[in-house]
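For reference, the structure discussed in these notes is given below.
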Amino acid sequence: MAAIQTIAFDPAFEPSELQQVHNTAVFFRDKFAWDAKYDPQEDTIILRKGAPLTNAVFLHEAVHAATVTAIRNPNSLKGDRRKGFDQLNELYTYASKHILNSPLFTDEDRKAYGLTKLEEFASEVMTNPEFQALLRAIRYKASGMSVYSRFMHSVRMMLGFSPRSEEHTSELQSRGLISYAVFCLK
C-alpha cells in the first residue's frame with residue numbers, strides 16, 4: 001500500500017494513470033486492509049486470521065450488522081426508523097462538510113474513517129471515542145447541541161427513550177444502551 005500511495009502523488013504520471021493507481025489502492029484497501037468486517041450477504045462478522053479481536057472492533061462491526069440493511073435500503077424504512085435514517089444522513093453530511101471545510105480542523109481530522117461513507121459514520125459515532133470527541137466539537141446548526149449529542153438524541157428518540165441533555169450521554173453509554181440500540185435497530 002505504501003508503494004501505491006507513493007505513486008499516487010508522482011507528477012510523472014498522467015491523470016488517467018493516477019486514477020487507475022487510486023482505483024487499485026481502493027481495491028486493495030477494501031479487500032485486504034481490515035482486521036474484521038461485516039458481510040451482509042452472510043449476515044456474519046468476519047475476523048482476519050491472527051488479527052486481534054477487541055471490544056471496539058467487535059462493536060464497530062456489530063453496528064454495521066445492525067445498520068447496514070437500513071442504510072443501504074432507506075426506502076424500506078417507515079415512521080421513526082425512516083426519520084432516524086434521514087437525521088443520520090443529514091448529520092453525516094453536515095459533519096463531513098464542516099470538518100472538511102473548516103480551518104479549525106486538522107488534515108488528520110479530515111482523514112477520520114467516519115467521514116468515508118454513511119455506514120462508517122454510524123459505526124464510528126457509536127464506537128470510536130476519538131471520533132465522538134471530534135463531533136462534540138461541532139455545534140449542530142443553531143440548536144446548541146453538538147453533532148454527537150444530536151446523533152445520540154436521534155438514537156434515543158428512535159428507540160423510544162426520553163430525550164436527555166448532553167451530560168446524560170455518558171449515562172446512556174455506561175448502561176450499555178448503545179449496544180442495546182445496535183441490536184434493536186437490526
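By order in the C-alpha cells, chains are A, B, ...; within a chain, residues start at 1; ligands start at 1, following the order shown.
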
Leaving out stretch 140-148 of chain A and any residue of its chain fewer than 5 positions from it, which residues lie within 8 Å of it when counting only C-alpha atoms, given as an MDAnalysis selection string? chainID A and resid 91 95 125 132 135 166

For atom CA of A:Phe151 and atom CA of A:Gly79, quote the distance in Å rounded to one decimal.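 Distance between the two atoms: 17.6 Å.
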
Could you check the closest approach to A:Pro52 for each of A:Glu130, A:Pro103, A:Arg110, A:Ala36 and tell me which residue wins, using only C-alpha atoms?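 Using only C-alpha atoms, the shortest distance to A:Pro52 belongs to A:Ala36.
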
Per-residue DSSP, stretch 64-104 of chain A, filtered to alpha helix (DSSP H), as a VMD selection string: chain A and resid 64 to 72 79 to 101

Please produce a file of the residues just selected, as an mmCIF file, in the first residue's frame, where the atoms kept are C-alpha atoms.
data_model
loop_
_atom_site.group_PDB
_atom_site.id
_atom_site.type_symbol
_atom_site.label_atom_id
_atom_site.label_comp_id
_atom_site.auth_asym_id
_atom_site.auth_seq_id
_atom_site.Cartn_x
_atom_site.Cartn_y
_atom_site.Cartn_z
ATOM 1 C CA HIS A 64 -22.612 -2.429 10.805
ATOM 2 C CA ALA A 65 -24.598 -5.626 11.281
ATOM 3 C CA ALA A 66 -27.413 -3.651 12.863
ATOM 4 C CA THR A 67 -27.475 -0.730 10.447
ATOM 5 C CA VAL A 68 -26.197 -1.738 7.010
ATOM 6 C CA THR A 69 -29.515 -3.033 5.673
ATOM 7 C CA ALA A 70 -31.360 0.110 6.711
ATOM 8 C CA ILE A 71 -28.640 2.418 5.402
ATOM 9 C CA ARG A 72 -28.487 0.645 2.044
ATOM 10 C CA GLY A 79 -42.105 6.097 10.510
ATOM 11 C CA ASP A 80 -39.492 6.833 13.176
ATOM 12 C CA ARG A 81 -36.968 4.498 11.543
ATOM 13 C CA ARG A 82 -37.109 6.491 8.294
ATOM 14 C CA LYS A 83 -36.950 9.737 10.261
ATOM 15 C CA GLY A 84 -33.907 8.342 12.115
ATOM 16 C CA PHE A 85 -32.209 7.452 8.816
ATOM 17 C CA ASP A 86 -32.902 10.900 7.392
ATOM 18 C CA GLN A 87 -31.438 12.523 10.523
ATOM 19 C CA LEU A 88 -28.389 10.245 10.384
ATOM 20 C CA ASN A 89 -27.812 11.101 6.731
ATOM 21 C CA GLU A 90 -28.222 14.824 7.412
ATOM 22 C CA LEU A 91 -25.807 14.683 10.385
ATOM 23 C CA TYR A 92 -23.247 12.824 8.273
ATOM 24 C CA THR A 93 -23.491 15.434 5.511
ATOM 25 C CA TYR A 94 -23.369 18.318 7.984
ATOM 26 C CA ALA A 95 -20.382 16.952 9.936
ATOM 27 C CA SER A 96 -18.462 15.998 6.792
ATOM 28 C CA LYS A 97 -18.859 19.427 5.207
ATOM 29 C CA HIS A 98 -17.966 21.151 8.465
ATOM 30 C CA ILE A 99 -14.830 19.105 9.121
ATOM 31 C CA LEU A 100 -13.628 19.148 5.513
ATOM 32 C CA ASN A 101 -14.167 22.892 5.015
#

As a ChimeraX atom specification, list the residues of stretch 24-113 of chain A assigned to strand (DSSP E) by DSSP on the backbone atoms of this structure. /A:36-39,44-47

Atomic distance atom CA of A:Leu47 - atom CA of A:Lys111, expressed in Å with one decimal: 24.1 Å

To one decimal in Å, tell me the separation between atom CA of A:Ser154 and atom CA of A:Ser102. 24.7 Å
